[in-house]
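Below is the file entry_11.cif, which contains mmCIF, N, CA and C atoms.
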```cif
data_my_file
#
loop_
_atom_site.label_atom_id
_atom_site.label_comp_id
_atom_site.auth_asym_id
_atom_site.auth_seq_id
_atom_site.Cartn_x
_atom_site.Cartn_y
_atom_site.Cartn_z
N MET A 1 -43.34 -25.45 24.37
CA MET A 1 -44.50 -26.08 23.78
C MET A 1 -45.43 -26.49 24.92
N ALA A 2 -46.68 -26.28 24.74
CA ALA A 2 -47.65 -26.67 25.76
C ALA A 2 -48.64 -27.66 25.17
N LEU A 3 -48.74 -28.79 25.79
CA LEU A 3 -49.76 -29.77 25.43
C LEU A 3 -50.97 -29.49 26.30
N ASP A 4 -52.14 -29.86 25.83
CA ASP A 4 -53.34 -29.65 26.62
C ASP A 4 -53.16 -30.28 28.00
N GLY A 5 -53.29 -29.48 29.03
CA GLY A 5 -53.20 -29.97 30.40
C GLY A 5 -51.79 -30.12 30.93
N TYR A 6 -50.77 -29.79 30.12
CA TYR A 6 -49.38 -29.94 30.56
C TYR A 6 -48.63 -28.62 30.40
N ASP A 7 -47.82 -28.33 31.36
CA ASP A 7 -46.90 -27.21 31.26
C ASP A 7 -45.60 -27.71 31.88
N ILE A 8 -44.70 -28.19 31.04
CA ILE A 8 -43.49 -28.86 31.51
C ILE A 8 -42.30 -27.93 31.35
N ASN A 9 -41.58 -27.76 32.43
CA ASN A 9 -40.32 -27.03 32.39
C ASN A 9 -39.22 -28.07 32.56
N ALA A 10 -38.56 -28.41 31.45
CA ALA A 10 -37.59 -29.51 31.45
C ALA A 10 -36.44 -29.26 32.43
N ALA A 11 -35.95 -28.05 32.51
CA ALA A 11 -34.84 -27.75 33.41
C ALA A 11 -35.24 -27.97 34.87
N THR A 12 -36.43 -27.56 35.22
CA THR A 12 -36.93 -27.77 36.59
C THR A 12 -37.08 -29.26 36.87
N CYS A 13 -37.60 -30.00 35.89
CA CYS A 13 -37.74 -31.45 36.06
C CYS A 13 -36.39 -32.10 36.29
N ARG A 14 -35.39 -31.70 35.53
CA ARG A 14 -34.05 -32.28 35.70
C ARG A 14 -33.47 -31.94 37.06
N SER A 15 -33.71 -30.75 37.52
CA SER A 15 -33.23 -30.35 38.84
C SER A 15 -33.87 -31.21 39.94
N ILE A 16 -35.16 -31.40 39.83
CA ILE A 16 -35.87 -32.24 40.81
C ILE A 16 -35.39 -33.68 40.73
N LEU A 17 -35.19 -34.18 39.52
CA LEU A 17 -34.69 -35.55 39.36
C LEU A 17 -33.31 -35.71 39.98
N GLY A 18 -32.47 -34.69 39.84
CA GLY A 18 -31.15 -34.73 40.46
C GLY A 18 -31.24 -34.82 41.97
N ALA A 19 -32.17 -34.06 42.56
CA ALA A 19 -32.37 -34.11 44.01
C ALA A 19 -32.89 -35.47 44.44
N VAL A 20 -33.81 -36.04 43.68
CA VAL A 20 -34.35 -37.36 44.01
C VAL A 20 -33.26 -38.42 43.90
N ASP A 21 -32.42 -38.32 42.86
CA ASP A 21 -31.32 -39.28 42.70
C ASP A 21 -30.37 -39.21 43.90
N ALA A 22 -30.06 -38.00 44.36
CA ALA A 22 -29.17 -37.84 45.51
C ALA A 22 -29.78 -38.46 46.76
N GLU A 23 -31.06 -38.23 46.97
CA GLU A 23 -31.73 -38.82 48.14
C GLU A 23 -31.81 -40.34 48.02
N ASN A 24 -32.00 -40.83 46.80
CA ASN A 24 -32.07 -42.27 46.60
C ASN A 24 -30.72 -42.92 46.92
N GLU A 25 -29.63 -42.25 46.60
CA GLU A 25 -28.30 -42.75 46.97
C GLU A 25 -28.16 -42.81 48.49
N GLN A 26 -28.67 -41.79 49.17
CA GLN A 26 -28.63 -41.79 50.64
C GLN A 26 -29.46 -42.95 51.19
N LEU A 27 -30.60 -43.20 50.59
CA LEU A 27 -31.44 -44.33 51.03
C LEU A 27 -30.72 -45.66 50.86
N ALA A 28 -29.98 -45.79 49.76
CA ALA A 28 -29.23 -47.02 49.54
C ALA A 28 -28.18 -47.20 50.64
N GLY A 29 -27.55 -46.12 51.03
CA GLY A 29 -26.59 -46.19 52.13
C GLY A 29 -27.25 -46.57 53.44
N GLN A 30 -28.44 -46.05 53.67
CA GLN A 30 -29.17 -46.38 54.90
C GLN A 30 -29.61 -47.85 54.90
N ARG A 31 -29.97 -48.35 53.72
CA ARG A 31 -30.34 -49.77 53.64
C ARG A 31 -29.14 -50.64 54.02
N ALA A 32 -27.96 -50.28 53.54
CA ALA A 32 -26.75 -51.04 53.87
C ALA A 32 -26.49 -51.00 55.38
N LYS A 33 -26.70 -49.83 55.98
CA LYS A 33 -26.51 -49.72 57.44
C LYS A 33 -27.52 -50.58 58.18
N LEU A 34 -28.77 -50.58 57.70
CA LEU A 34 -29.81 -51.40 58.33
C LEU A 34 -29.45 -52.89 58.23
N SER A 35 -28.99 -53.30 57.05
CA SER A 35 -28.60 -54.70 56.86
C SER A 35 -27.46 -55.08 57.82
N SER A 36 -26.49 -54.18 57.95
CA SER A 36 -25.38 -54.44 58.89
C SER A 36 -25.87 -54.52 60.32
N ALA A 37 -26.81 -53.65 60.68
CA ALA A 37 -27.34 -53.66 62.04
C ALA A 37 -28.08 -54.97 62.32
N VAL A 38 -28.83 -55.45 61.34
CA VAL A 38 -29.52 -56.73 61.50
C VAL A 38 -28.50 -57.85 61.65
N ASP A 39 -27.43 -57.81 60.83
CA ASP A 39 -26.36 -58.83 60.96
C ASP A 39 -25.74 -58.80 62.35
N GLU A 40 -25.50 -57.61 62.86
CA GLU A 40 -24.93 -57.49 64.21
C GLU A 40 -25.89 -58.05 65.26
N ALA A 41 -27.16 -57.77 65.09
CA ALA A 41 -28.15 -58.28 66.04
C ALA A 41 -28.24 -59.80 65.97
N ILE A 42 -28.14 -60.33 64.76
CA ILE A 42 -28.16 -61.79 64.61
C ILE A 42 -26.94 -62.39 65.31
N GLY A 43 -25.79 -61.77 65.11
CA GLY A 43 -24.57 -62.24 65.75
C GLY A 43 -24.64 -62.13 67.27
N ALA A 44 -25.22 -61.06 67.75
CA ALA A 44 -25.31 -60.84 69.19
C ALA A 44 -26.30 -61.80 69.85
N SER A 45 -27.25 -62.30 69.07
CA SER A 45 -28.26 -63.18 69.66
C SER A 45 -27.75 -64.59 69.91
N ALA A 46 -26.56 -64.89 69.40
CA ALA A 46 -25.95 -66.21 69.57
C ALA A 46 -26.84 -67.33 69.03
N GLY A 47 -27.50 -67.07 67.93
CA GLY A 47 -28.30 -68.11 67.28
C GLY A 47 -29.64 -68.29 67.97
N GLY A 48 -30.27 -69.39 67.67
CA GLY A 48 -31.54 -69.71 68.29
C GLY A 48 -32.71 -68.99 67.66
N PRO A 49 -33.82 -68.95 68.41
CA PRO A 49 -35.05 -68.40 67.85
C PRO A 49 -34.97 -66.90 67.55
N VAL A 50 -34.20 -66.15 68.31
CA VAL A 50 -34.08 -64.70 68.07
C VAL A 50 -33.38 -64.47 66.74
N ALA A 51 -32.30 -65.20 66.51
CA ALA A 51 -31.59 -65.06 65.24
C ALA A 51 -32.50 -65.45 64.07
N GLY A 52 -33.24 -66.53 64.25
CA GLY A 52 -34.17 -66.96 63.21
C GLY A 52 -35.24 -65.93 62.92
N ALA A 53 -35.74 -65.31 63.99
CA ALA A 53 -36.76 -64.27 63.82
C ALA A 53 -36.19 -63.05 63.10
N LEU A 54 -34.96 -62.69 63.43
CA LEU A 54 -34.32 -61.55 62.76
C LEU A 54 -34.07 -61.84 61.28
N ILE A 55 -33.63 -63.05 60.99
CA ILE A 55 -33.42 -63.44 59.60
C ILE A 55 -34.74 -63.39 58.82
N THR A 56 -35.79 -63.91 59.43
CA THR A 56 -37.11 -63.89 58.80
C THR A 56 -37.59 -62.45 58.60
N LEU A 57 -37.38 -61.63 59.62
CA LEU A 57 -37.77 -60.22 59.51
C LEU A 57 -37.06 -59.55 58.35
N TRP A 58 -35.75 -59.79 58.25
CA TRP A 58 -34.99 -59.16 57.16
C TRP A 58 -35.46 -59.69 55.80
N ASN A 59 -35.51 -61.01 55.67
CA ASN A 59 -35.83 -61.61 54.37
C ASN A 59 -37.26 -61.39 53.93
N ASP A 60 -38.20 -61.44 54.88
CA ASP A 60 -39.62 -61.38 54.50
C ASP A 60 -40.23 -59.99 54.57
N VAL A 61 -39.57 -59.05 55.24
CA VAL A 61 -40.17 -57.73 55.39
C VAL A 61 -39.20 -56.62 54.98
N LEU A 62 -38.15 -56.46 55.73
CA LEU A 62 -37.28 -55.30 55.55
C LEU A 62 -36.61 -55.25 54.18
N ALA A 63 -35.97 -56.33 53.77
CA ALA A 63 -35.28 -56.34 52.47
C ALA A 63 -36.26 -56.14 51.32
N ILE A 64 -37.42 -56.78 51.42
CA ILE A 64 -38.43 -56.65 50.37
C ILE A 64 -38.93 -55.21 50.28
N GLN A 65 -39.21 -54.60 51.40
CA GLN A 65 -39.72 -53.22 51.40
C GLN A 65 -38.65 -52.25 50.92
N CYS A 66 -37.41 -52.46 51.32
CA CYS A 66 -36.32 -51.60 50.85
C CYS A 66 -36.17 -51.70 49.33
N GLU A 67 -36.19 -52.92 48.83
CA GLU A 67 -36.05 -53.13 47.39
C GLU A 67 -37.25 -52.56 46.64
N ALA A 68 -38.42 -52.74 47.18
CA ALA A 68 -39.63 -52.21 46.54
C ALA A 68 -39.59 -50.68 46.47
N ALA A 69 -39.15 -50.06 47.54
CA ALA A 69 -39.06 -48.60 47.55
C ALA A 69 -38.06 -48.12 46.51
N ALA A 70 -36.89 -48.77 46.45
CA ALA A 70 -35.87 -48.39 45.47
C ALA A 70 -36.39 -48.57 44.05
N THR A 71 -37.09 -49.66 43.81
CA THR A 71 -37.63 -49.94 42.48
C THR A 71 -38.69 -48.90 42.10
N ARG A 72 -39.56 -48.55 43.04
CA ARG A 72 -40.59 -47.53 42.76
C ARG A 72 -39.94 -46.19 42.44
N ILE A 73 -38.91 -45.83 43.17
CA ILE A 73 -38.22 -44.56 42.92
C ILE A 73 -37.57 -44.58 41.54
N GLU A 74 -36.86 -45.68 41.23
CA GLU A 74 -36.20 -45.78 39.92
C GLU A 74 -37.22 -45.77 38.78
N ASN A 75 -38.33 -46.46 38.95
CA ASN A 75 -39.37 -46.48 37.92
C ASN A 75 -39.97 -45.09 37.72
N ALA A 76 -40.23 -44.40 38.81
CA ALA A 76 -40.82 -43.06 38.72
C ALA A 76 -39.87 -42.07 38.06
N THR A 77 -38.62 -42.07 38.49
CA THR A 77 -37.67 -41.12 37.90
C THR A 77 -37.39 -41.47 36.44
N GLY A 78 -37.34 -42.76 36.14
CA GLY A 78 -37.15 -43.16 34.74
C GLY A 78 -38.32 -42.72 33.87
N GLY A 79 -39.52 -42.84 34.40
CA GLY A 79 -40.70 -42.40 33.66
C GLY A 79 -40.71 -40.90 33.41
N VAL A 80 -40.32 -40.14 34.42
CA VAL A 80 -40.26 -38.69 34.26
C VAL A 80 -39.19 -38.32 33.23
N ARG A 81 -38.04 -38.97 33.31
CA ARG A 81 -36.97 -38.70 32.33
C ARG A 81 -37.46 -38.97 30.91
N GLU A 82 -38.14 -40.09 30.72
CA GLU A 82 -38.66 -40.43 29.40
C GLU A 82 -39.70 -39.41 28.94
N ALA A 83 -40.56 -39.00 29.85
CA ALA A 83 -41.61 -38.03 29.48
C ALA A 83 -41.00 -36.69 29.09
N VAL A 84 -40.01 -36.24 29.83
CA VAL A 84 -39.35 -34.97 29.50
C VAL A 84 -38.64 -35.07 28.16
N ALA A 85 -37.95 -36.19 27.94
CA ALA A 85 -37.26 -36.37 26.66
C ALA A 85 -38.24 -36.40 25.50
N ALA A 86 -39.35 -37.09 25.67
CA ALA A 86 -40.37 -37.14 24.62
C ALA A 86 -40.96 -35.76 24.37
N TYR A 87 -41.19 -35.03 25.44
CA TYR A 87 -41.73 -33.68 25.34
C TYR A 87 -40.77 -32.79 24.55
N GLU A 88 -39.48 -32.87 24.91
CA GLU A 88 -38.49 -32.04 24.21
C GLU A 88 -38.32 -32.48 22.76
N LEU A 89 -38.34 -33.79 22.52
CA LEU A 89 -38.21 -34.29 21.16
C LEU A 89 -39.39 -33.81 20.31
N GLY A 90 -40.58 -33.87 20.88
CA GLY A 90 -41.76 -33.37 20.16
C GLY A 90 -41.64 -31.89 19.87
N ASP A 91 -41.12 -31.13 20.83
CA ASP A 91 -40.92 -29.70 20.65
C ASP A 91 -39.88 -29.45 19.57
N ALA A 92 -38.79 -30.20 19.57
CA ALA A 92 -37.75 -30.04 18.57
C ALA A 92 -38.28 -30.39 17.18
N ARG A 93 -39.08 -31.45 17.11
CA ARG A 93 -39.66 -31.84 15.82
C ARG A 93 -40.59 -30.76 15.29
N MET A 94 -41.39 -30.20 16.18
CA MET A 94 -42.31 -29.14 15.75
C MET A 94 -41.52 -27.94 15.23
N ALA A 95 -40.46 -27.57 15.94
CA ALA A 95 -39.64 -26.44 15.51
C ALA A 95 -39.00 -26.73 14.16
N GLN A 96 -38.46 -27.93 13.98
CA GLN A 96 -37.83 -28.29 12.71
C GLN A 96 -38.85 -28.31 11.59
N ASN A 97 -40.04 -28.83 11.85
CA ASN A 97 -41.09 -28.82 10.83
C ASN A 97 -41.44 -27.40 10.42
N GLY A 98 -41.50 -26.51 11.40
CA GLY A 98 -41.77 -25.10 11.09
C GLY A 98 -40.67 -24.50 10.24
N ARG A 99 -39.42 -24.77 10.60
CA ARG A 99 -38.29 -24.25 9.81
C ARG A 99 -38.33 -24.82 8.39
N ASN A 100 -38.63 -26.10 8.27
CA ASN A 100 -38.70 -26.72 6.94
C ASN A 100 -39.78 -26.09 6.10
N GLN A 101 -40.93 -25.84 6.68
CA GLN A 101 -42.02 -25.23 5.93
C GLN A 101 -41.69 -23.81 5.51
N MET A 102 -41.00 -23.07 6.39
CA MET A 102 -40.65 -21.69 6.05
C MET A 102 -39.64 -21.63 4.91
N SER A 103 -38.75 -22.62 4.83
CA SER A 103 -37.68 -22.57 3.83
C SER A 103 -38.07 -23.20 2.50
N GLN A 104 -39.22 -23.85 2.44
CA GLN A 104 -39.63 -24.47 1.19
C GLN A 104 -40.15 -23.42 0.22
N ALA A 105 -39.77 -23.62 -1.04
CA ALA A 105 -40.31 -22.72 -2.06
C ALA A 105 -41.79 -23.04 -2.23
N PRO A 106 -42.58 -22.02 -2.33
CA PRO A 106 -44.02 -22.28 -2.46
C PRO A 106 -44.33 -22.95 -3.80
N ALA A 107 -45.30 -23.80 -3.80
CA ALA A 107 -45.76 -24.43 -5.03
C ALA A 107 -46.81 -23.51 -5.64
N ILE A 108 -46.43 -22.88 -6.73
CA ILE A 108 -47.33 -21.91 -7.36
C ILE A 108 -47.88 -22.51 -8.65
N VAL A 109 -49.16 -22.47 -8.74
CA VAL A 109 -49.83 -22.94 -9.95
C VAL A 109 -50.51 -21.73 -10.58
N LEU A 110 -50.12 -21.42 -11.80
CA LEU A 110 -50.73 -20.29 -12.52
C LEU A 110 -51.90 -20.80 -13.35
N GLU A 111 -53.04 -20.23 -13.04
CA GLU A 111 -54.25 -20.63 -13.75
C GLU A 111 -54.24 -20.08 -15.19
N ASP A 112 -53.58 -18.95 -15.33
CA ASP A 112 -53.62 -18.32 -16.66
C ASP A 112 -52.25 -18.29 -17.32
N ALA A 113 -51.49 -19.35 -17.13
CA ALA A 113 -50.16 -19.42 -17.70
C ALA A 113 -50.25 -19.39 -19.23
N LYS A 114 -49.33 -18.69 -19.87
CA LYS A 114 -49.30 -18.57 -21.34
C LYS A 114 -48.53 -19.75 -21.91
N LYS A 115 -49.03 -20.25 -23.01
CA LYS A 115 -48.36 -21.38 -23.65
C LYS A 115 -47.80 -21.01 -24.97
#
```

Represent the structure of the file as structure tokens.
Amino acid sequence: MALDGYDINAATCRSILGAVDAENEQLAGQRAKLSSAVDEAIGASAGGPVAGALITLWNDVLAIQCEAAATRIENATGGVREAVAAYELGDARMAQNGRNQMSQAPAIVLEDAKK
């Protein structure tokens, strides 16, 4: 089914979504490594202003940006999944409507029916 301005291949979309999901899992792993590295740096700094600066950096910049990126990815992939599902549902409904119309007995009105 083609909507004006759209040509959606659901299988291709799912394949791309699978690749994005795999990369997003890798990003989550990298975020965990970054968090551990910051913890190690905080520990190595033996407290004081360097540790405070690292904590502020993590809390006010790095963690927020990591979470924002993950949220944007999840929102985008969720939106694409919903759009593909809606597209397919619309296509299925159109096909079913066509089948229903083909199988219905025609309503015939005879203008010159004998009484």

Length of the atom CA of A:Val84 to atom C of A:Ile8 vector [Å]
7.9 Å

Point (-33.6, -61.8, 58.9) neighbourhood (12 Å, only C-alpha atoms) written as a list in words:
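Output of the proximity query reads Leu34, Ser35, Ser36, Ala37, Val38, Asp39, Glu40, Ala41, Ile42, Gly43, Gly47, Pro49, Val50, Ala51, Gly52, Ala53, Leu54, Ile55, Thr56, Leu57, Trp58, Asn59, Asp60, Val61, Leu62, Ala63 and Ile64 of chain A.
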
Output, as lines of an AutoDock Vina configuration file, the centre and edge lengths in Å (one decimal) of the axis-aligned box that contains all listed atoms of stretch 26-43 of chain A with 4 Å of margin on each side.
```
center_x = -28.0
center_y = -52.1
center_z = 58.2
size_x = 14.9
size_y = 28.6
size_z = 26.1
```

Spatial neighbours of stretch 78-80 of chain A, 8 Å, all atoms listed in the file, chain gap at least 6 places, as a list in words:
Cys13, Arg14, Arg72 and Ala86 of chain A

If I take atom C of A:Val20 and atom C of A:Ala76, how far is one from the other in Å, to one decimal?
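Answer for the atom C of A:Val20 to atom C of A:Ala76 separation: 9.5 Å.
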
What does the structure give for the distance between atom CA of A:Ala69 and atom CA of A:Gly29, in Å to one decimal?
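Between atom CA of A:Ala69 and atom CA of A:Gly29 the gap works out to 13.5 Å.
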
Using only C-alpha atoms, the residue out of A:Ala70, A:Ala46, A:Met102, A:Ala95 with shortest distance to A:Gln26 is A:Ala70

Using only C-alpha atoms, find the one residue out of A:Ala19, A:Leu27, A:Ala85, A:Ala107 that sits nearest to A:Thr71.
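Closest candidate: A:Leu27.
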